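S.K.: I'm passing along input23.cif; it holds mmCIF, C-alpha atoms.
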data_model
loop_
_atom_site.label_atom_id
_atom_site.label_comp_id
_atom_site.auth_asym_id
_atom_site.auth_seq_id
_atom_site.Cartn_x
_atom_site.Cartn_y
_atom_site.Cartn_z
CA MET A 413 118.39 109.78 38.23
CA LYS A 414 121.29 108.45 36.25
CA GLN A 415 118.91 106.34 34.24
CA ARG A 416 116.66 109.28 33.47
CA LEU A 417 119.66 111.30 32.38
CA GLY A 418 120.66 108.45 30.10
CA MET A 419 117.17 108.41 28.57
CA LEU A 420 117.33 112.14 28.02
CA ILE A 421 120.66 111.85 26.27
CA ALA A 422 119.29 109.07 24.13
CA ALA A 423 116.21 111.14 23.24
CA THR A 424 118.34 114.13 22.35
CA ALA A 425 120.61 111.98 20.24
CA LEU A 426 117.58 110.60 18.42
CA ALA A 427 116.18 114.07 17.79
CA THR A 428 119.50 115.25 16.45
CA ALA A 429 119.72 112.27 14.19
CA PHE A 430 116.27 113.02 12.77
CA ALA A 431 117.01 116.68 12.27
CA ALA A 432 120.23 116.02 10.44
CA HIS A 433 118.78 113.08 8.52
CA ALA A 434 121.63 110.84 7.52
CA GLN A 435 124.07 112.36 9.95
CA PRO A 436 125.21 109.53 12.21
CA ALA A 437 124.15 109.96 15.78
CA PRO A 438 127.06 110.45 18.15
CA LYS A 439 127.94 107.20 19.76
CA LYS A 440 126.46 107.34 23.20
CA ALA A 441 128.44 105.78 25.99
CA ALA A 442 126.25 103.43 27.98
CA PRO A 443 125.56 104.86 31.44
CA LYS A 444 128.17 103.39 33.65
CA ALA A 445 126.73 100.92 36.13
CA PRO A 446 128.12 101.47 39.59
CA ALA A 447 130.54 98.77 40.64
CA LYS A 448 128.77 95.81 42.12
CA SER A 449 130.81 96.01 45.28
CA ALA A 450 129.46 99.52 45.86
CA ILE A 451 125.87 98.28 45.69
CA THR A 452 126.67 95.45 48.04
CA ALA A 453 128.38 97.85 50.40
CA GLU A 454 125.29 100.07 50.44
CA PHE A 455 123.04 97.11 51.23
CA GLU A 456 125.36 96.04 53.97
CA LYS A 457 125.36 99.49 55.51
CA PHE A 458 121.58 99.48 55.37
CA ARG A 459 121.40 96.11 57.07
CA GLU A 460 123.87 97.09 59.74
CA VAL A 461 121.73 100.06 60.73
CA LEU A 462 118.64 97.91 60.84
CA GLU A 463 120.17 94.99 62.66
CA GLU A 464 120.48 97.03 65.82
CA ASP A 465 116.72 97.26 66.04
CA ASN A 466 115.61 94.19 64.20
CA PRO A 467 111.90 93.55 64.73
CA ALA A 468 112.82 89.86 64.63
CA GLU A 469 113.24 90.39 68.37
CA LEU A 470 109.49 90.71 68.73
CA PHE A 471 109.06 87.24 67.26
CA GLU A 472 111.94 85.98 69.34
CA ALA A 473 110.10 87.14 72.45
CA ARG A 474 106.89 85.50 71.30
CA GLY A 475 108.75 82.25 70.58
CA GLU A 476 110.44 82.36 73.97
CA GLU A 477 107.09 82.75 75.66
CA ILE A 478 105.73 79.70 73.83
CA TRP A 479 108.86 77.69 74.58
CA LYS A 480 108.93 78.55 78.26
CA THR A 481 105.31 78.84 79.32
CA ARG A 482 103.07 76.88 76.94
CA LYS A 483 101.80 73.55 78.14
CA GLY A 484 100.42 70.69 76.08
CA PRO A 485 97.11 68.93 76.79
CA ASP A 486 98.88 66.37 78.99
CA GLY A 487 100.99 68.97 80.79
CA ALA A 488 104.11 68.48 78.69
CA SER A 489 106.22 71.48 77.69
CA MET A 490 109.10 72.32 75.38
CA ALA A 491 111.44 71.68 78.33
CA GLN A 492 111.24 68.07 77.17
CA CYS A 493 112.15 68.93 73.61
CA ASP A 494 115.60 67.66 72.69
CA LEU A 495 117.17 69.77 69.96
CA GLY A 496 120.22 67.57 69.98
CA LEU A 497 121.98 68.88 73.07
CA GLY A 498 119.64 67.38 75.67
CA PRO A 499 116.02 68.00 76.71
CA GLY A 500 115.20 71.68 76.91
CA VAL A 501 118.67 72.89 75.88
CA VAL A 502 118.29 75.70 73.36
CA LYS A 503 121.61 77.51 73.59
CA GLY A 504 123.78 76.61 70.62
CA ALA A 505 121.35 74.00 69.29
CA TYR A 506 120.40 75.87 66.12
CA VAL A 507 123.91 75.96 64.66
CA ARG A 508 124.27 72.21 65.31
CA MET A 509 121.39 71.17 63.10
CA PRO A 510 120.52 69.44 60.77
CA ARG A 511 121.49 66.38 62.77
CA TRP A 512 120.53 62.78 63.36
CA PHE A 513 117.80 62.27 65.94
CA ALA A 514 117.75 58.70 67.18
CA ASP A 515 114.26 59.01 68.73
CA VAL A 516 112.67 59.51 65.31
CA GLY A 517 115.37 57.80 63.24
CA GLN A 518 115.71 60.82 60.96
CA VAL A 519 118.00 63.68 60.15
CA MET A 520 116.08 66.85 60.98
CA ASP A 521 116.77 70.51 60.46
CA ALA A 522 115.88 73.06 63.12
CA GLU A 523 112.42 73.90 61.84
CA ARG A 524 111.48 70.28 61.35
CA ARG A 525 112.60 69.47 64.88
CA VAL A 526 110.76 72.41 66.38
CA VAL A 527 107.54 71.44 64.61
CA HIS A 528 108.05 67.84 65.70
CA CYS A 529 108.36 68.96 69.33
CA MET A 530 105.42 71.35 69.18
CA VAL A 531 103.24 68.54 67.85
CA LYS A 532 104.55 66.00 70.33
CA TYR A 533 104.61 68.10 73.49
CA LEU A 534 102.36 71.11 73.01
CA GLY A 535 99.55 69.37 71.18
CA TYR A 536 99.78 71.32 67.94
CA LYS A 537 98.28 69.47 64.98
CA GLU A 538 100.67 68.85 62.14
CA GLU A 539 97.92 69.23 59.55
CA ASP A 540 97.07 72.66 60.99
CA ILE A 541 100.70 73.73 60.73
CA ARG A 542 100.83 72.44 57.16
CA LYS A 543 97.80 74.53 56.28
CA GLN A 544 99.90 77.65 56.73
CA PRO A 545 103.55 76.74 57.21
CA PHE A 546 104.92 80.17 56.27
CA SER A 547 104.14 83.64 57.51
CA ASN A 548 102.10 86.19 55.64
CA GLU A 549 100.86 89.67 56.40
CA GLN A 550 97.91 88.33 58.34
CA ARG A 551 99.71 85.84 60.50
CA THR A 552 103.09 84.60 61.61
CA PRO A 553 102.51 81.02 62.77
CA ASP A 554 103.67 80.05 66.26
CA HIS A 555 106.30 77.60 65.06
CA VAL A 556 107.99 80.38 63.07
CA SER A 557 108.32 82.45 66.25
CA VAL A 558 109.72 79.43 68.10
CA VAL A 559 112.26 78.81 65.32
CA THR A 560 113.25 82.48 65.58
CA TYR A 561 113.76 82.12 69.31
CA VAL A 562 115.80 78.93 68.88
CA ALA A 563 117.93 80.57 66.17
CA ALA A 564 118.54 83.67 68.28
CA GLN A 565 119.85 81.47 71.07
CA SER A 566 122.78 80.59 68.80
CA ARG A 567 123.64 84.16 67.87
CA GLY A 568 127.38 84.74 67.77
CA MET A 569 128.20 81.03 67.79
CA LYS A 570 130.17 78.99 65.31
CA ILE A 571 128.17 76.86 62.92
CA ALA A 572 128.93 73.22 63.61
CA ALA A 573 126.50 70.89 61.86
CA PRO A 574 127.64 67.36 62.70
CA GLN A 575 128.86 64.89 60.08
CA LYS A 576 129.37 61.83 62.27
CA HIS A 577 126.33 59.62 61.85
CA PRO A 578 126.23 57.85 58.46
CA LYS A 579 122.77 59.33 57.84
CA GLU A 580 124.11 62.83 58.43
CA ILE A 581 126.79 62.23 55.82
CA GLU A 582 124.24 60.70 53.46
CA THR A 583 121.89 63.68 53.90
CA TYR A 584 124.74 66.04 53.07
CA GLN A 585 125.58 64.05 49.94
CA ILE A 586 121.95 64.05 48.80
CA GLY A 587 121.82 67.79 49.37
CA LYS A 588 124.94 68.25 47.30
CA GLU A 589 123.37 66.31 44.45
CA ILE A 590 120.05 68.16 44.57
CA PHE A 591 122.02 71.40 44.56
CA ALA A 592 123.54 70.50 41.21
CA TYR A 593 120.50 68.72 39.73
CA ARG A 594 119.24 70.53 36.65
CA ALA A 595 115.59 70.14 35.73
CA GLY A 596 112.33 71.96 35.26
CA PRO A 597 111.13 74.13 32.37
CA TYR A 598 114.15 76.44 32.69
CA ASP A 599 116.65 73.61 33.11
CA PHE A 600 117.80 75.28 36.32
CA SER A 601 119.58 73.91 39.33
CA CYS A 602 120.42 75.67 42.59
CA ALA A 603 123.96 75.84 41.25
CA THR A 604 122.83 77.87 38.23
CA CYS A 605 122.58 80.91 40.49
CA HIS A 606 124.51 79.81 43.57
CA GLY A 607 127.33 77.74 42.14
CA ALA A 608 129.77 80.43 41.04
CA ASP A 609 131.16 83.71 42.34
CA GLY A 610 129.71 87.05 41.32
CA MET A 611 126.23 85.95 40.24
CA ARG A 612 123.24 88.15 40.91
CA ILE A 613 119.50 88.58 40.44
CA ARG A 614 118.84 92.22 39.57
CA THR A 615 121.02 94.15 42.00
CA GLN A 616 121.04 91.42 44.60
CA ASP A 617 124.41 89.68 44.82
CA LEU A 618 124.04 85.96 45.25
CA PRO A 619 126.34 83.97 47.47
CA ASN A 620 128.25 81.05 46.01
CA LEU A 621 126.98 78.32 48.29
CA ARG A 622 129.94 76.09 47.56
CA LYS A 623 132.19 78.35 49.61
CA PRO A 624 132.07 78.58 53.43
CA ASP A 625 132.43 82.36 53.70
CA GLN A 626 129.59 82.85 51.22
CA ALA A 627 127.38 80.01 52.40
CA VAL A 628 127.25 81.71 55.78
CA ARG A 629 125.79 84.81 54.14
CA ALA A 630 122.84 82.77 52.95
CA TYR A 631 122.63 80.89 56.20
CA GLN A 632 122.56 83.78 58.60
CA GLY A 633 119.91 85.83 56.90
CA TRP A 634 117.31 83.33 58.08
CA PRO A 635 115.10 83.29 59.94
CA GLY A 636 114.73 86.82 58.68
CA TYR A 637 112.34 89.69 59.25
CA ARG A 638 110.97 90.84 55.92
CA MET A 639 110.21 94.53 56.06
CA THR A 640 107.87 94.35 53.10
CA GLY A 641 104.88 93.05 54.98
CA GLY A 642 106.55 92.87 58.36
CA PHE A 643 106.78 89.18 59.12
CA MET A 644 109.30 86.44 59.80
CA LEU A 645 110.45 83.93 57.22
CA THR A 646 112.53 80.83 57.83
CA GLN A 647 115.12 78.70 56.02
CA GLN A 648 112.32 76.34 55.01
CA TRP A 649 110.54 79.21 53.31
CA ARG A 650 113.73 80.32 51.57
CA MET A 651 114.33 76.86 50.14
CA ASN A 652 110.70 76.53 49.12
CA ASP A 653 110.84 79.86 47.35
CA CYS A 654 114.05 78.95 45.52
CA PHE A 655 112.23 75.93 44.10
CA ARG A 656 109.35 78.16 43.10
CA GLN A 657 111.65 80.65 41.41
CA GLN A 658 113.24 77.84 39.44
CA ARG A 659 109.74 76.78 38.35
CA PHE A 660 110.21 73.46 40.05
CA PRO A 661 107.24 71.86 41.75
CA GLU A 662 107.32 73.20 45.29
CA PRO A 663 108.39 70.64 47.86
CA ASN A 664 106.07 69.51 50.63
CA TYR A 665 106.58 71.40 53.85
CA LEU A 666 109.41 69.86 55.91
CA SER A 667 110.36 67.56 53.07
CA ASP A 668 113.51 65.43 53.15
CA SER A 669 114.91 67.23 50.13
CA VAL A 670 114.84 70.59 51.91
CA THR A 671 116.55 69.08 54.96
CA ALA A 672 119.20 67.66 52.61
CA LEU A 673 119.78 71.04 50.99
CA LEU A 674 119.98 72.71 54.37
CA ALA A 675 122.47 70.08 55.50
CA TYR A 676 124.61 70.78 52.43
CA MET A 677 124.51 74.54 53.00
CA THR A 678 125.05 74.36 56.76
CA VAL A 679 127.94 71.90 56.59
CA THR A 680 129.55 74.09 53.93
CA ALA A 681 129.23 77.04 56.32
CA ASN A 682 130.66 75.09 59.26
CA GLY A 683 133.19 77.06 61.28
CA GLN A 684 131.65 80.44 60.38
CA VAL A 685 129.96 82.59 62.99
CA TYR A 686 126.17 82.83 62.93
CA LYS A 687 124.97 86.42 63.31
CA GLY A 688 121.25 86.02 62.65
CA PRO A 689 118.27 86.29 62.86
CA GLY A 690 118.46 88.58 59.89
CA ILE A 691 116.55 91.42 58.35
CA LYS A 692 115.46 91.57 54.73
CA ARG A 693 114.02 94.25 52.53
CA MET B 1180 96.20 92.10 74.08
CA ALA B 1181 99.19 93.57 72.35
CA ASP B 1182 102.66 92.06 72.55
CA PRO B 1183 105.20 93.74 74.82
CA MET B 1184 107.58 96.39 73.51
CA LYS B 1185 111.32 95.98 73.51
CA ILE B 1186 112.94 98.96 75.18
CA ARG B 1187 116.65 99.70 75.23
CA ALA B 1188 117.85 102.63 77.31
CA GLN B 1189 121.52 103.40 77.73
CA MET B 1190 123.41 106.43 79.01
CA LYS B 1191 125.80 107.85 76.43
CA GLY B 1192 127.71 110.70 78.03
CA ASP B 1193 125.13 112.98 79.63
CA THR B 1194 122.24 111.91 77.42
CA ALA B 1195 120.15 108.79 77.52
CA ASP B 1196 119.84 106.92 74.25
CA ILE B 1197 116.43 105.28 74.18
CA ARG B 1198 115.14 102.93 71.53
CA VAL B 1199 111.83 101.20 71.49
CA LEU B 1200 110.52 98.49 69.23
CA MET B 1201 106.74 98.16 69.17
CA SER B 1202 104.74 95.23 67.93
CA HIS B 1203 101.83 96.58 65.94
CA ALA B 1204 100.11 95.82 62.63
CA MET B 1205 99.99 99.53 61.64
CA GLU B 1206 97.35 99.03 58.98
CA THR B 1207 96.87 102.12 56.85
CA GLY B 1208 93.30 101.40 55.81
CA GLN B 1209 94.39 101.53 52.17
CA ARG B 1210 95.31 97.90 51.77
CA LYS B 1211 93.01 95.16 50.51
CA ASP B 1212 93.15 91.56 51.63
CA ASN B 1213 93.18 88.54 49.31
CA ALA B 1214 89.39 88.59 49.07
CA GLY B 1215 89.44 92.23 47.94
CA ASN B 1216 88.04 93.67 51.15
CA THR B 1217 89.64 96.77 52.58
CA VAL B 1218 91.69 96.02 55.67
CA PRO B 1219 90.45 98.50 58.25
CA ALA B 1220 92.89 101.12 59.47
CA HIS B 1221 94.59 100.12 62.68
CA TYR B 1222 97.52 102.18 63.83
CA ILE B 1223 99.17 103.68 66.86
CA GLN B 1224 97.76 107.12 67.43
CA SER B 1225 99.66 108.49 70.36
CA ILE B 1226 102.85 107.77 72.21
CA THR B 1227 104.07 109.08 75.51
CA VAL B 1228 107.44 108.62 77.18
CA ASP B 1229 108.15 109.35 80.82
CA VAL B 1230 111.69 109.30 82.17
CA GLY B 1231 112.17 109.43 85.93
CA GLY B 1232 108.52 110.38 86.40
CA LYS B 1233 108.71 113.31 83.99
CA ARG B 1234 107.00 113.42 80.62
CA VAL B 1235 109.73 113.86 78.02
CA LEU B 1236 107.90 113.02 74.84
CA GLN B 1237 104.36 113.14 73.64
CA GLY B 1238 103.66 112.26 70.08
CA GLN B 1239 100.85 111.80 67.65
CA THR B 1240 101.49 109.14 65.05
CA GLY B 1241 99.65 108.09 61.97
CA PRO B 1242 99.30 105.38 59.37
CA ALA B 1243 102.45 106.43 57.52
CA ILE B 1244 104.58 104.65 60.08
CA SER B 1245 105.73 101.12 59.30
CA ARG B 1246 104.55 97.89 60.81
CA ASN B 1247 106.42 96.93 63.99
CA PRO B 1248 107.93 100.41 64.25
CA VAL B 1249 111.15 101.43 65.94
CA PHE B 1250 111.51 104.81 67.63
CA GLY B 1251 114.81 106.19 68.85
CA PHE B 1252 115.44 109.40 70.74
CA LYS B 1253 117.88 111.05 73.12
CA VAL B 1254 116.99 112.54 76.49
CA LYS B 1255 119.16 115.10 78.24
CA GLY B 1256 119.29 115.28 82.01
CA ALA B 1257 118.42 111.64 82.57
CA LYS B 1258 120.65 109.42 84.64
CA ALA B 1259 121.39 105.72 84.95
CA GLY B 1260 118.77 103.98 87.05
CA ASP B 1261 115.91 106.24 85.92
CA LYS B 1262 112.75 104.45 84.99
CA VAL B 1263 111.52 104.79 81.41
CA VAL B 1264 107.80 104.31 80.92
CA ILE B 1265 106.51 104.15 77.37
CA ASN B 1266 102.87 104.02 76.44
CA TRP B 1267 101.00 103.83 73.17
CA VAL B 1268 97.34 103.97 72.28
CA ASP B 1269 95.97 102.94 68.90
CA ASN B 1270 92.90 104.10 66.99
CA LYS B 1271 90.88 101.13 68.25
CA GLY B 1272 91.60 102.06 71.85
CA ASP B 1273 94.01 99.19 72.38
CA LYS B 1274 96.98 100.23 74.48
CA ARG B 1275 100.17 99.02 75.98
CA THR B 1276 102.58 100.33 78.62
CA ASP B 1277 106.06 98.98 79.19
CA GLU B 1278 108.93 99.96 81.43
CA ALA B 1279 112.68 99.76 81.42
CA THR B 1280 115.52 101.13 83.49
CA ILE B 1281 118.28 103.25 82.00
CA GLY B 1282 121.54 101.32 82.13
#
Could you quickly redo this structure as structure tokens?

M.R.:
Amino acid sequence: MKQRLGMLIAATALATAFAAHAQPAPKKAAPKAPAKSAITAEFEKFREVLEEDNPAELFEARGEEIWKTRKGPDGASMAQCDLGLGPGVVKGAYVRMPRWFADVGQVMDAERRVVHCMVKYLGYKEEDIRKQPFSNEQRTPDHVSVVTYVAAQSRGMKIAAPQKHPKEIETYQIGKEIFAYRAGPYDFSCATCHGADGMRIRTQDLPNLRKPDQAVRAYQGWPGYRMTGGFMLTQQWRMNDCFRQQRFPEPNYLSDSVTALLAYMTVTANGQVYKGPGIKR
Amino acid sequence: MADPMKIRAQMKGDTADIRVLMSHAMETGQRKDNAGNTVPAHYIQSITVDVGGKRVLQGQTGPAISRNPVFGFKVKGAKAGDKVVINWVDNKGDKRTDEATIG
């Protein structure tokens, strides 16, 4: 509305200028953009209303069903899956990843670990999962629902990604470096958009991922229910899409670099309370 | 077989506040898939809600409603412990009934 009014004023000014020939057009004040905080506040109100009835719950329920009832070809189940707090323990596990897993000798983030377990215990094929790692309008893959369930089991808990094992510390350091690494046709890094306060893409305020209270804003939106299309998206997707938006080559699914970036973001958000799964426009 | 609904029913004063989240594709029949073929319409056509054995809501719904829709409504005269039974039927004849108890 405001914009249209602005256009109208501009058009009128132009017409006047033509009619009066050389008469200088009155200097038009640029339409005042509403304060950024007001836009953010509106979005937050919108999210608050939606969070009460977040359809992410539907995926949570589906994930729970897979976690609790599905059996692998040799009778194994997710009750054997160790997310870092012992076999089958889901409560609080999500906010304590990425972490070092001695059984595989790797630092894994939540999604990587869930996929690992689903392949190992439930007989899912990794190449099938890789064929469609992220949700689309046609299908939300099973592992996305399981990740949603696992994440929801940490709702309201403090983020506490460990930094004890040397590999955990190394992963964090690598993540920190990738975050600041400028490359690609636009000479972008993650820090270009997420390394300072008050940055935004269109009207969307971007969190400064170097600060705990802002890193948590990025962290807790995922896994998130995207209303456009109606499906769940995970942290892995978010990272992948950030690479795409920077015109970087997209990383392989479950790549080490994404785990490193997630470690950097999660450790930065340590001590904050996780309120997800989230809801997105 | 459709996924279960999520029903929340809570007494607030003398009215019951009921919310239901349904898992449904709600295809309008206007959308095309990646291959350019029209995605056939598939949407919830009717909804009924019974509280304590009495029909309190009967609705006809159409393709204008979002995917995975949420419905919220208030029912007077209900009391804690009443059973809420919600049913939907879609245009392909698929249906689902779920229950909850007012808390």

S.K.: Measure the distance from atom CA of A:Val507 to atom CA of A:Ile571 in Å and round it to one decimal.

M.R.: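 A separation of 4.7 Å between them.
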
S.K.: Pick out the residues sitting within 10 Å of stretch 1263-1271 of chain B, and hand them over as a PDB file with C-alpha atoms, in the coordinates of the input; count only C-alpha atoms, and ignore anything fewer than 3 positions along from it in its own chain.

M.R.:
ATOM      1  CA  MET B1184     107.580  96.390  73.510  1.00  0.00           C
ATOM      2  CA  ILE B1186     112.940  98.960  75.180  1.00  0.00           C
ATOM      3  CA  ARG B1187     116.650  99.700  75.230  1.00  0.00           C
ATOM      4  CA  ALA B1188     117.850 102.630  77.310  1.00  0.00           C
ATOM      5  CA  ILE B1197     116.430 105.280  74.180  1.00  0.00           C
ATOM      6  CA  VAL B1199     111.830 101.200  71.490  1.00  0.00           C
ATOM      7  CA  MET B1201     106.740  98.160  69.170  1.00  0.00           C
ATOM      8  CA  HIS B1203     101.830  96.580  65.940  1.00  0.00           C
ATOM      9  CA  MET B1205      99.990  99.530  61.640  1.00  0.00           C
ATOM     10  CA  ALA B1220      92.890 101.120  59.470  1.00  0.00           C
ATOM     11  CA  HIS B1221      94.590 100.120  62.680  1.00  0.00           C
ATOM     12  CA  TYR B1222      97.520 102.180  63.830  1.00  0.00           C
ATOM     13  CA  ILE B1223      99.170 103.680  66.860  1.00  0.00           C
ATOM     14  CA  GLN B1224      97.760 107.120  67.430  1.00  0.00           C
ATOM     15  CA  SER B1225      99.660 108.490  70.360  1.00  0.00           C
ATOM     16  CA  ILE B1226     102.850 107.770  72.210  1.00  0.00           C
ATOM     17  CA  THR B1227     104.070 109.080  75.510  1.00  0.00           C
ATOM     18  CA  VAL B1228     107.440 108.620  77.180  1.00  0.00           C
ATOM     19  CA  ASP B1229     108.150 109.350  80.820  1.00  0.00           C
ATOM     20  CA  VAL B1230     111.690 109.300  82.170  1.00  0.00           C
ATOM     21  CA  GLY B1231     112.170 109.430  85.930  1.00  0.00           C
ATOM     22  CA  GLY B1232     108.520 110.380  86.400  1.00  0.00           C
ATOM     23  CA  LYS B1233     108.710 113.310  83.990  1.00  0.00           C
ATOM     24  CA  ARG B1234     107.000 113.420  80.620  1.00  0.00           C
ATOM     25  CA  VAL B1235     109.730 113.860  78.020  1.00  0.00           C
ATOM     26  CA  LEU B1236     107.900 113.020  74.840  1.00  0.00           C
ATOM     27  CA  GLN B1237     104.360 113.140  73.640  1.00  0.00           C
ATOM     28  CA  GLY B1238     103.660 112.260  70.080  1.00  0.00           C
ATOM     29  CA  GLN B1239     100.850 111.800  67.650  1.00  0.00           C
ATOM     30  CA  THR B1240     101.490 109.140  65.050  1.00  0.00           C
ATOM     31  CA  GLY B1241      99.650 108.090  61.970  1.00  0.00           C
ATOM     32  CA  ALA B1257     118.420 111.640  82.570  1.00  0.00           C
ATOM     33  CA  GLY B1260     118.770 103.980  87.050  1.00  0.00           C
ATOM     34  CA  LYS B1274      96.980 100.230  74.480  1.00  0.00           C
ATOM     35  CA  ARG B1275     100.170  99.020  75.980  1.00  0.00           C
ATOM     36  CA  THR B1276     102.580 100.330  78.620  1.00  0.00           C
ATOM     37  CA  ASP B1277     106.060  98.980  79.190  1.00  0.00           C
ATOM     38  CA  GLU B1278     108.930  99.960  81.430  1.00  0.00           C
ATOM     39  CA  ALA B1279     112.680  99.760  81.420  1.00  0.00           C
ATOM     40  CA  THR B1280     115.520 101.130  83.490  1.00  0.00           C
ATOM     41  CA  ILE B1281     118.280 103.250  82.000  1.00  0.00           C
TER      42      ILE B1281
END

S.K.: On this structure, which residues satisfy the PyMOL selection byres ((chain B) within 9 of (chain A)), written as number ranges by chain?

M.R.: B: 1182-1185, 1198-1202, 1204, 1212, 1245-1249

S.K.: Please identify all polymer residues within 12 Å of A:Cys605, counting all atoms listed in the file, omitting same-chain residues fewer than 4 positions from it, and present them as JSON, numbers by chain.

M.R.: {"A": [591, 592, 594, 599, 600, 601, 609, 610, 611, 612, 613, 614, 616, 617, 618, 619, 620, 621, 622, 654, 657, 658]}

S.K.: Excluding A:Ile590 and residues on its chain fewer than 5 positions from it, collect all residues at most 10 Å away from it, counting only C-alpha atoms, and give them as a PyMOL selection string.

M.R.: chain A and resi 584-585+601-603+669-670+672-673+676

S.K.: What is the atom CA of A:Val501-atom CA of A:Val562 distance in Å, reported with one decimal?

M.R.: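 According to the coordinates, atom CA of A:Val501 and atom CA of A:Val562 are separated by 9.7 Å.
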
S.K.: Pick from B:Gly1208, B:Gly1272, B:Gly1192, B:Gly1282: nearest to B:Ala1243, with all atoms listed in the file counted?

M.R.: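 Nearest candidate to B:Ala1243 out of B:Gly1208, B:Gly1272, B:Gly1192, B:Gly1282: B:Gly1208.
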
S.K.: Separation of atom CA of A:Tyr536 and atom CA of B:Val1218, in Å?

M.R.: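 Interatomic distance here is 28.7 Å.
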
S.K.: Determine the nearest neighbour of A:Glu589 from the options A:Met520, A:Val559, A:Met677, A:Gly504, counting all atoms listed in the file.

M.R.: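 Of all the options, A:Met677 lies closest to A:Glu589.
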
S.K.: Please expand the PyMOL selection byres ((chain A and resi 583) around 12) into the concrete residues it hits in this file, giving the result as a PyMOL selection string.

M.R.: chain A and resi 509-512+518-521+573-582+584-590+668-679

S.K.: Applying the PyMOL selection byres ((chain A and resi 540) around 12) to the file I just gave you, which residues come out? Please list them as number ranges by chain.

M.R.: A: 527, 530-531, 535-539, 541-546, 553-555, 665

S.K.: Write the residues of the preceding selection, restricted to C-alpha atoms, as an mmCIF file, in the coordinates of the input.

M.R.:
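Generated output (part-v5.cif):
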data_model
loop_
_atom_site.group_PDB
_atom_site.id
_atom_site.type_symbol
_atom_site.label_atom_id
_atom_site.label_comp_id
_atom_site.auth_asym_id
_atom_site.auth_seq_id
_atom_site.Cartn_x
_atom_site.Cartn_y
_atom_site.Cartn_z
ATOM 1 C CA VAL A 527 107.540 71.440 64.610
ATOM 2 C CA MET A 530 105.420 71.350 69.180
ATOM 3 C CA VAL A 531 103.240 68.540 67.850
ATOM 4 C CA GLY A 535 99.550 69.370 71.180
ATOM 5 C CA TYR A 536 99.780 71.320 67.940
ATOM 6 C CA LYS A 537 98.280 69.470 64.980
ATOM 7 C CA GLU A 538 100.670 68.850 62.140
ATOM 8 C CA GLU A 539 97.920 69.230 59.550
ATOM 9 C CA ILE A 541 100.700 73.730 60.730
ATOM 10 C CA ARG A 542 100.830 72.440 57.160
ATOM 11 C CA LYS A 543 97.800 74.530 56.280
ATOM 12 C CA GLN A 544 99.900 77.650 56.730
ATOM 13 C CA PRO A 545 103.550 76.740 57.210
ATOM 14 C CA PHE A 546 104.920 80.170 56.270
ATOM 15 C CA PRO A 553 102.510 81.020 62.770
ATOM 16 C CA ASP A 554 103.670 80.050 66.260
ATOM 17 C CA HIS A 555 106.300 77.600 65.060
ATOM 18 C CA TYR A 665 106.580 71.400 53.850
#
